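Content type compact mmCIF, C-alpha atoms and all ligand atoms, from the file model_10.txt:
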# COMPACT_ATOMS: atom_id res chain seq x y z
CA MET A 1 -17.94 43.34 -4.34
CA PRO A 2 -21.52 42.05 -4.12
CA ALA A 3 -24.17 44.56 -3.20
CA ASN A 4 -25.73 45.05 0.23
CA LEU A 5 -22.99 43.79 2.52
CA THR A 6 -24.14 44.83 5.96
CA PRO A 7 -21.99 46.65 8.54
CA PRO A 8 -21.81 43.55 10.80
CA TYR A 9 -20.51 41.59 7.82
CA LEU A 10 -17.86 44.20 7.12
CA GLU A 11 -16.88 44.13 10.80
CA ALA A 12 -16.49 40.36 10.70
CA GLU A 13 -14.44 40.71 7.55
CA LYS A 14 -12.19 43.20 9.28
CA ARG A 15 -11.75 40.75 12.14
CA TYR A 16 -10.84 38.10 9.60
CA ARG A 17 -8.17 40.30 8.06
CA GLU A 18 -6.72 41.16 11.46
CA ALA A 19 -6.93 37.63 12.88
CA LYS A 20 -3.64 36.20 14.02
CA THR A 21 -4.47 32.56 14.62
CA PRO A 22 -6.29 30.06 12.38
CA THR A 23 -8.93 29.64 15.09
CA GLU A 24 -9.67 33.36 15.05
CA LYS A 25 -9.71 33.32 11.26
CA LEU A 26 -12.09 30.37 11.22
CA ALA A 27 -14.39 32.04 13.73
CA ALA A 28 -14.51 35.22 11.65
CA LEU A 29 -15.17 33.32 8.42
CA GLU A 30 -17.96 31.29 10.01
CA GLU A 31 -19.53 34.46 11.27
CA MET A 32 -19.27 36.07 7.83
CA LEU A 33 -21.02 33.11 6.29
CA THR A 34 -23.76 33.22 8.92
CA ILE A 35 -24.61 36.87 8.37
CA LEU A 36 -24.08 37.06 4.64
CA PRO A 37 -27.39 38.14 3.09
CA LYS A 38 -28.94 35.38 0.99
CA HIS A 39 -29.55 36.38 -2.61
CA LYS A 40 -28.20 35.75 -6.05
CA GLY A 41 -25.61 38.50 -5.79
CA THR A 42 -23.89 36.74 -2.90
CA ASP A 43 -23.83 33.20 -4.31
CA LYS A 44 -20.22 33.41 -5.43
CA LEU A 45 -19.05 34.93 -2.18
CA ARG A 46 -20.94 32.26 -0.24
CA ALA A 47 -19.21 29.52 -2.20
CA ASP A 48 -15.87 31.20 -1.70
CA LEU A 49 -16.38 31.50 2.06
CA THR A 50 -17.46 27.87 2.34
CA LYS A 51 -14.34 26.82 0.48
CA ARG A 52 -12.05 28.93 2.65
CA ILE A 53 -13.68 27.54 5.81
CA SER A 54 -13.20 23.91 4.85
CA LYS A 55 -9.61 24.57 3.77
CA LEU A 56 -8.80 26.27 7.04
CA LYS A 57 -10.46 23.49 9.02
CA LEU A 58 -8.31 20.97 7.22
CA GLU A 59 -5.17 22.98 7.87
CA THR A 60 -5.81 23.40 11.58
CA LYS A 61 -6.51 19.69 11.86
CA LYS A 62 -3.33 18.70 10.04
CA LYS A 63 -0.97 20.76 12.13
CA ALA A 64 0.51 18.39 14.68
CA GLY A 65 1.64 21.24 16.88
CA GLY A 66 -1.63 23.05 16.31
CA LYS A 67 -2.94 22.13 19.71
CA LYS A 68 -2.61 25.60 21.06
CA GLN A 69 -4.90 27.16 18.48
CA THR A 70 -7.49 24.46 18.71
CA GLU A 71 -7.42 23.69 22.42
CA TYR A 72 -10.87 25.22 22.85
CA ILE A 73 -12.34 23.12 20.09
CA VAL A 74 -13.53 19.84 21.49
CA GLU A 75 -13.89 17.11 18.91
CA LYS A 76 -17.33 15.55 18.80
CA GLN A 77 -17.68 12.00 20.05
CA GLY A 78 -20.56 9.55 20.34
CA GLY A 79 -24.10 10.31 19.29
CA GLY A 80 -23.79 14.09 19.40
CA GLN A 81 -22.38 17.05 21.27
CA ILE A 82 -24.56 19.01 23.70
CA VAL A 83 -23.21 22.22 25.22
CA LEU A 84 -24.13 23.48 28.68
CA VAL A 85 -24.97 27.16 28.45
CA GLY A 86 -25.92 29.53 31.25
CA PRO A 87 -24.96 32.14 33.81
CA PRO A 88 -22.31 31.72 36.50
CA ASN A 89 -23.19 29.37 39.37
CA SER A 90 -26.32 28.00 37.73
CA GLY A 91 -24.99 24.46 38.11
CA LYS A 92 -23.65 23.57 34.67
CA SER A 93 -20.62 21.73 36.04
CA THR A 94 -22.76 19.94 38.61
CA ILE A 95 -25.00 18.70 35.78
CA LEU A 96 -21.96 17.47 33.84
CA PHE A 97 -20.75 15.69 36.97
CA GLY A 98 -24.19 14.15 37.53
CA LEU A 99 -24.68 12.87 33.99
CA THR A 100 -21.18 11.81 32.95
CA ASN A 101 -17.95 10.38 34.26
CA ALA A 102 -16.18 13.75 34.00
CA ALA A 103 -14.61 15.24 37.10
CA ALA A 104 -15.88 18.79 36.74
CA GLU A 105 -14.76 21.52 39.09
CA ILE A 106 -17.75 22.72 41.10
CA ALA A 107 -17.71 25.70 43.43
CA ASP A 108 -20.05 28.21 45.02
CA TYR A 109 -18.31 31.19 43.43
CA PRO A 110 -18.90 32.37 39.84
CA PHE A 111 -16.61 31.77 36.84
CA THR A 112 -15.33 28.47 38.19
CA THR A 113 -15.21 26.85 34.76
CA ARG A 114 -12.68 28.41 32.40
CA THR A 115 -12.09 25.86 29.67
CA PRO A 116 -14.42 23.46 27.87
CA LEU A 117 -14.71 20.14 29.64
CA PRO A 118 -16.32 17.20 27.83
CA GLY A 119 -17.89 14.16 29.45
CA MET A 120 -19.63 11.13 27.98
CA MET A 121 -23.20 10.44 29.07
CA PRO A 122 -24.27 6.81 28.80
CA TYR A 123 -27.75 6.40 27.33
CA ARG A 124 -29.12 2.90 26.62
CA ASP A 125 -26.29 1.38 24.57
CA ILE A 126 -24.76 4.59 23.23
CA TYR A 127 -22.88 7.61 24.55
CA ILE A 128 -23.68 11.29 24.10
CA GLN A 129 -21.07 13.96 24.65
CA LEU A 130 -21.85 16.80 27.04
CA LEU A 131 -19.60 19.84 26.99
CA ASP A 132 -19.33 22.05 30.06
CA LEU A 133 -18.42 25.66 29.28
CA PRO A 134 -17.57 28.86 31.11
CA PRO A 135 -20.62 30.96 31.92
CA VAL A 136 -22.39 33.33 29.57
CA SER A 137 -22.22 36.65 31.38
CA ARG A 138 -22.20 40.38 30.67
CA GLU A 139 -19.14 40.68 32.89
CA PHE A 140 -16.88 38.43 30.88
CA VAL A 141 -16.96 35.79 28.17
CA PRO A 142 -13.90 34.18 26.63
CA PRO A 143 -13.60 35.02 22.92
CA TRP A 144 -14.12 31.44 21.74
CA LEU A 145 -17.26 30.73 23.80
CA PHE A 146 -19.97 31.44 21.23
CA ASP A 147 -18.04 29.54 18.61
CA ALA A 148 -17.99 26.49 20.82
CA ILE A 149 -21.74 26.82 21.26
CA ARG A 150 -22.33 27.22 17.52
CA ARG A 151 -20.34 24.07 16.76
CA ALA A 152 -22.47 21.86 19.01
CA ASP A 153 -25.44 19.79 17.90
CA SER A 154 -27.69 21.10 20.61
CA ALA A 155 -27.66 23.43 23.62
CA LEU A 156 -28.90 22.88 27.16
CA LEU A 157 -29.73 26.29 28.63
CA VAL A 158 -29.29 26.11 32.39
CA VAL A 159 -31.03 28.52 34.77
CA ASP A 160 -30.91 28.73 38.55
CA LEU A 161 -34.21 28.63 40.46
CA TYR A 162 -32.40 30.08 43.46
CA ALA A 163 -31.50 33.25 41.54
CA ASP A 164 -33.80 35.04 39.08
CA PRO A 165 -34.23 32.37 36.40
CA LEU A 166 -36.39 34.51 34.10
CA GLU A 167 -33.82 37.28 34.04
CA GLN A 168 -31.07 34.68 33.54
CA LEU A 169 -32.86 33.03 30.66
CA ASN A 170 -33.58 36.31 28.94
CA GLN A 171 -30.03 37.48 29.27
CA THR A 172 -28.59 34.20 27.98
CA LEU A 173 -30.95 34.28 24.98
CA GLU A 174 -30.14 37.92 24.34
CA MET A 175 -26.40 37.33 24.33
CA LEU A 176 -26.78 34.28 22.10
CA LYS A 177 -28.88 36.32 19.72
CA GLU A 178 -26.23 39.03 19.59
CA HIS A 179 -23.91 36.32 18.33
CA ARG A 180 -26.50 35.03 15.91
CA ILE A 181 -27.40 31.86 17.76
CA ILE A 182 -31.11 31.10 18.17
CA PRO A 183 -32.10 28.05 20.22
CA THR A 184 -35.21 26.42 18.80
CA ARG A 185 -37.57 23.72 19.99
CA GLN A 186 -37.87 21.86 16.71
CA ASN A 187 -35.19 19.99 14.86
CA VAL A 188 -33.61 22.33 12.38
CA ASN A 189 -31.83 22.01 9.08
CA ARG A 190 -28.67 23.85 9.97
CA GLU A 191 -27.47 23.96 6.40
CA LEU A 192 -30.43 26.18 5.60
CA ASP A 193 -30.70 28.02 8.89
CA ARG A 194 -27.22 28.61 10.25
CA LYS A 195 -28.40 30.56 13.28
CA ALA A 196 -30.68 27.89 14.66
CA ILE A 197 -29.56 25.33 17.21
CA ARG A 198 -31.78 22.82 18.92
CA GLY A 199 -32.36 24.03 22.51
CA LEU A 200 -33.79 22.83 25.81
CA ILE A 201 -34.01 24.59 29.20
CA ALA A 202 -32.99 22.96 32.49
CA ALA A 203 -34.40 24.73 35.56
CA ASN A 204 -31.87 23.67 38.20
CA LYS A 205 -31.89 23.55 42.01
CA MET A 206 -35.43 22.17 42.42
CA ASP A 207 -34.35 21.02 45.89
CA ILE A 208 -34.37 24.50 47.39
CA PRO A 209 -37.44 25.87 49.18
CA GLN A 210 -39.95 27.73 46.96
CA ALA A 211 -38.37 26.25 43.82
CA ALA A 212 -41.71 24.93 42.53
CA ALA A 213 -43.31 28.36 42.83
CA VAL A 214 -40.40 30.03 41.07
CA LEU A 215 -40.62 27.39 38.33
CA ASP A 216 -44.32 28.22 37.80
CA ILE A 217 -43.50 31.88 37.37
CA LEU A 218 -40.70 31.08 34.95
CA ARG A 219 -43.02 28.86 32.91
CA GLU A 220 -45.67 31.53 32.80
CA LEU A 221 -43.51 34.52 31.95
CA GLN A 222 -40.82 33.17 29.66
CA GLU A 223 -41.36 34.00 26.04
CA THR A 224 -39.82 31.10 24.14
CA ASP A 225 -41.47 27.87 23.11
CA LEU A 226 -38.54 25.87 24.47
CA GLU A 227 -39.30 23.02 26.82
CA ILE A 228 -38.37 23.47 30.47
CA ILE A 229 -37.22 20.45 32.45
CA PRO A 230 -37.06 20.92 36.24
CA ILE A 231 -34.08 19.21 37.82
CA SER A 232 -31.82 19.16 40.82
CA ALA A 233 -28.30 18.36 39.76
CA MET A 234 -27.50 17.99 43.44
CA THR A 235 -30.11 15.35 44.38
CA GLY A 236 -30.51 13.83 40.91
CA GLN A 237 -34.20 14.71 40.68
CA GLY A 238 -35.36 15.00 37.07
CA LEU A 239 -32.06 13.90 35.56
CA GLU A 240 -33.53 10.80 33.87
CA ALA A 241 -36.22 12.89 32.18
CA LEU A 242 -33.57 15.42 31.19
CA LYS A 243 -31.53 12.68 29.51
CA ASP A 244 -34.56 11.48 27.53
CA HIS A 245 -35.27 15.00 26.29
CA LEU A 246 -31.65 15.70 25.44
CA VAL A 247 -31.27 12.56 23.39
CA ALA A 248 -34.66 12.97 21.69
CA GLY A 249 -33.51 16.44 20.64
CA LEU A 250 -30.51 15.04 18.79
CA GLY A 251 -32.75 13.22 16.33
CA ILE A 252 -30.61 10.10 16.34
CA PHE A 253 -31.31 6.38 16.42
CA ARG A 254 -29.45 3.07 16.52
CA VAL A 255 -28.89 0.49 13.84
CA TYR A 256 -27.11 -2.84 14.36
CA THR A 257 -25.22 -4.70 11.70
CA LYS A 258 -24.50 -8.36 11.10
CA LYS A 259 -22.28 -10.33 8.80
CA PRO A 260 -23.83 -13.09 6.64
CA GLY A 261 -24.21 -16.28 8.63
CA LYS A 262 -23.19 -14.57 11.88
CA LYS A 263 -25.10 -13.23 14.86
CA PRO A 264 -25.90 -9.49 14.89
CA GLU A 265 -23.43 -7.26 16.71
CA LEU A 266 -25.81 -6.03 19.36
CA ASP A 267 -23.27 -4.33 21.57
CA SER A 268 -22.01 -1.79 19.06
CA PRO A 269 -24.78 0.09 17.29
CA TYR A 270 -24.18 2.59 14.54
CA ILE A 271 -25.71 5.96 15.25
CA MET A 272 -27.84 7.33 12.44
CA LYS A 273 -29.41 10.74 12.05
CA LYS A 274 -33.07 11.12 11.18
CA GLY A 275 -33.26 12.62 7.72
CA ALA A 276 -30.11 10.80 6.60
CA ALA A 277 -31.26 7.36 7.40
CA THR A 278 -31.38 5.15 4.34
CA ILE A 279 -29.59 1.86 3.95
CA LEU A 280 -27.09 3.61 1.70
CA ASP A 281 -26.44 6.25 4.40
CA LEU A 282 -25.62 3.40 6.76
CA ALA A 283 -23.24 1.84 4.25
CA TYR A 284 -21.39 5.14 3.88
CA THR A 285 -21.35 5.66 7.64
CA ILE A 286 -19.54 2.36 8.07
CA HIS A 287 -17.08 2.83 5.24
CA ARG A 288 -16.88 4.70 1.97
CA ASP A 289 -16.04 1.51 0.07
CA LEU A 290 -19.16 -0.13 1.42
CA GLY A 291 -21.20 2.81 0.17
CA GLU A 292 -19.63 2.81 -3.26
CA ASN A 293 -19.90 -0.93 -3.82
CA PHE A 294 -23.30 -1.42 -2.22
CA LYS A 295 -25.62 -3.97 -3.91
CA TYR A 296 -28.45 -4.77 -1.50
CA ALA A 297 -29.21 -5.35 2.15
CA ARG A 298 -31.14 -7.82 4.24
CA LEU A 299 -33.06 -6.45 7.16
CA TRP A 300 -34.53 -7.62 10.47
CA ARG A 301 -37.09 -5.48 12.30
CA GLY A 302 -39.06 -6.90 15.25
CA ASN A 303 -41.93 -9.06 13.97
CA GLU A 304 -42.11 -7.11 10.72
CA PHE A 305 -39.09 -8.23 8.73
CA GLN A 306 -36.93 -11.34 9.06
CA GLY A 307 -34.10 -10.89 6.61
CA GLN A 308 -35.99 -9.63 3.57
CA MET A 309 -34.05 -7.90 0.81
CA PHE A 310 -34.08 -4.11 0.55
CA GLN A 311 -32.56 -1.55 -1.78
CA ARG A 312 -30.44 1.50 -1.06
CA ASP A 313 -33.25 4.03 -0.50
CA PHE A 314 -35.09 2.11 2.19
CA ALA A 315 -35.48 4.20 5.38
CA LEU A 316 -34.09 2.62 8.53
CA GLN A 317 -35.58 2.82 12.03
CA ASP A 318 -34.32 2.53 15.59
CA GLN A 319 -33.01 -0.97 16.36
CA ASP A 320 -33.09 -2.28 12.81
CA ILE A 321 -30.56 -5.04 12.13
CA VAL A 322 -28.94 -4.81 8.73
CA GLU A 323 -26.73 -7.13 6.68
CA LEU A 324 -25.00 -5.27 3.88
CA HIS A 325 -24.00 -6.96 0.60
CA THR A 326 -21.54 -5.57 -1.91
N1 LIG A 401 -29.05 23.41 46.11
C1 LIG A 401 -28.47 23.13 44.94
N2 LIG A 401 -27.24 23.63 44.67
C2 LIG A 401 -26.69 23.32 43.48
C3 LIG A 401 -27.35 22.48 42.52
N3 LIG A 401 -26.55 22.39 41.43
C4 LIG A 401 -25.44 23.12 41.70
N4 LIG A 401 -25.50 23.66 42.94
C5 LIG A 401 -24.49 24.50 43.61
O1 LIG A 401 -24.35 25.70 42.87
C6 LIG A 401 -22.99 26.14 42.90
C7 LIG A 401 -22.47 26.34 41.49
O2 LIG A 401 -22.40 25.08 40.84
P1 LIG A 401 -21.50 24.86 39.54
O3 LIG A 401 -21.86 23.53 39.00
O4 LIG A 401 -20.07 25.12 39.84
O5 LIG A 401 -22.07 26.04 38.62
P2 LIG A 401 -21.57 26.47 37.16
O6 LIG A 401 -22.79 26.86 36.40
O7 LIG A 401 -20.72 25.42 36.56
O8 LIG A 401 -20.71 27.77 37.51
P3 LIG A 401 -19.57 28.47 36.60
O9 LIG A 401 -18.55 27.45 36.25
O10 LIG A 401 -19.04 29.55 37.47
O11 LIG A 401 -20.27 29.02 35.41
C8 LIG A 401 -22.23 25.08 43.68
O12 LIG A 401 -22.10 25.51 45.01
C9 LIG A 401 -23.12 23.86 43.57
O13 LIG A 401 -22.95 22.98 44.66
C10 LIG A 401 -28.65 21.98 42.86
O14 LIG A 401 -29.31 21.24 42.10
N5 LIG A 401 -29.15 22.33 44.08
MG MG A 402 -18.79 25.49 35.96
Let's see the structure in the file written out as C-alpha cells.
Amino acid sequence: MPANLTPPYLEAEKRYREAKTPTEKLAALEEMLTILPKHKGTDKLRADLTKRISKLKLETKKKAGGKKQTEYIVEKQGGGQIVLVGPPNSGKSTILFGLTNAAAEIADYPFTTRTPLPGMMPYRDIYIQLLDLPPVSREFVPPWLFDAIRRADSALLVVDLYADPLEQLNQTLEMLKEHRIIPTRQNVNRELDRKAIRGLIAANKMDIPQAAAVLDILRELQETDLEIIPISAMTGQGLEALKDHLVAGLGIFRVYTKKPGKKPELDSPYIMKKGAATILDLAYTIHRDLGENFKYARLWRGNEFQGQMFQRDFALQDQDIVELHT
C-alpha cells in the first residue's frame, strides 16, 4: 500500500468496499481519486482508480435496466451543464422555470425539489442545460447530491435576499468544501484540480423591499472572489445578465461548418471549448473518422479570412465557418 493514505481516503475506501450499487461504488471511487495525495508513491494507485472509474462508468451505461442506479445522474446536453445549488426556498426552481422550458415545482415551503430536474436554456443559437437540485442544508441532503454537483461543468450558487444571504452563502460553501468542492471564479483545469468547479452567485428576490441594502451588505462581507449577480426570478429582473455570465463561465464558443460548394450550416453550430479549440479538435468533435483522415481546412472569419487554407493546429474562434477536407 502506498504511503501516507489519509483517514478520509481510508473512509472513502471503506465506503467503496461496502457499496451495494454501482452508483455508490462510482461515487466512492471518485472521492478516493479526489483526495488521494499527489506524489510519486501514489501514481500507480491513481492510474488504477482512474481505470476502475471508467470501467464502472461504462458498465452502468451499458446496463439497459440500470435506470434505477443512475436515475440521479442526468446526462449532459447542449453547451454544458450548470447546477443550481443553494439552501431551501432560495428560488432555485423558480430560476429554472424562468430560464428554461422545464416545469419545475415551486412552493413556499422548504425541500420542495427532491430529484434532479434538467431544463434547456436557449442562448443565441445554442442551448445550455440547467439542472435544478434539492437544497443544500444541514438538516438533510440526499446521498447523491454532491456527486451531481461535482459532475457539472459549473455551479450557480443561489442565495435569498429575503433570508440571511451571507449566512446562506457561507453554509453552502462550507458544506461544499466538506465534500471537496470549491467553486472558483476563474476557469479551471479540472484534470489538474479535481476540487475546483467554476462558480457564480445569484442573489435572488431583488423585488422585495430592502433587497438592495441587503445585497450591499452581502457584497461587502462575503469572503469569496465569486461574482454576484442580483436577480429576481419572479419578475425576471437581471436574468439576461445572469445568462451572459453563466454562458461566459462555460468557456465555450460556436463554430459553423460547410460542405465544399455549399452554403454554411448556420443554424446548427458545433460547440467548442476554449483550450481545445483547434481545427483538428473540431474534426474529432464531428466524427472520429474526420479527425483521423483530416488533411486541411478552409476557413471564413468576418472580414479577416475568406476561405484560406489552414492546418490542423490553427486555433478557432467564435463564429468561424470551417470547411473540412479529408
Ligand atoms: N419575492 C420573490 N419570491 C421568490 C423569488 N423567487 C422565488 N420566490 C419564492 O420563493 C419560494 C421558494 O421558491 P422555489 O423556487 O421553490 O425555491 P427552491 O430553492 O427551489 O426551494 P427547494 O426546492 O425547497 O430547495 C416560492 O414561494 C417562490 O415563489 C423572487 O425572485 N422573488
Ligand atoms: Mg426547488
Protein and nucleic acid residues near (-18.6, 26.4, 40.2) (cut-off 12 Å, all atoms listed in the file) as a list of chain:residue names: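 Those residues lying close to the given coordinates are A:Gly86, A:Pro87, A:Pro88, A:Asn89, A:Ser90, A:Gly91, A:Lys92, A:Ser93, A:Thr94, A:Ile95, A:Leu96, A:Phe97, A:Ala104, A:Glu105, A:Ile106, A:Ala107, A:Asp108, A:Tyr109, A:Pro110, A:Phe111, A:Thr112, A:Thr113, A:Arg114, A:Asp132, A:Leu133, A:Pro134, A:Pro135.
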Nearest residue to A:Glu24 from the set A:Asp289, A:Asp147, A:Glu174, A:Glu11 (distances using all atoms listed in the file):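 The closest residue to A:Glu24 is A:Asp147.
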For atom CA of A:Arg52 and atom CA of A:Leu33, the interatomic separation in Å (one decimal):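 Here the two named atoms are 10.5 Å from each other.
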Residue nearest ligand MG 402 (chain A) among A:Pro118, A:Gly275, A:Arg301, A:Ala203 (counting all atoms listed in the file):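 When distances to ligand MG 402 (chain A) are compared using all atoms listed in the file, the smallest one comes from A:Pro118.
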Which residue of A:Asp244, A:Glu139, A:Glu30, A:Asp281 approaches ligand LIG 401 (chain A) most closely, using all atoms listed in the file: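 Smallest distance to ligand LIG 401 (chain A) is found for A:Glu139.
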Atomic distance atom CA of A:Tyr127 - atom CA of A:Ala155, expressed in Å with one decimal: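 Atom-to-atom, atom CA of A:Tyr127 and atom CA of A:Ala155 are spaced 16.6 Å apart.
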Non-local contacts of A:Arg15 (10 Å; all atoms listed in the file; under 2 positions in same chain excluded) as a VMD selection string: chain A and resid 9 to 13 17 to 20 24 to 25 27 to 29 32
Å distance separating atom CA of A:Tyr296 from atom CA of A:Gln308, one decimal place: 10.3 Å
Within 8 Å of A:Ala148 using all atoms listed in the file, minus same-chain residues under 3 positions, as a list of chain:residue names: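 My reading of the contact set: A:Tyr72, A:Ile73, A:Trp144, A:Leu145, A:Arg151, A:Ala152.
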Proximity to A:Ser268 - best of A:Arg138, A:Arg124, A:Pro230, A:Ala241, only C-alpha atoms: A:Arg124
Shell around stretch 316-326 of chain A at 6 Å using only C-alpha atoms, local window under 2 positions removed, as an MDAnalysis selection string: chainID A and resid 253:259 277:278 293:301
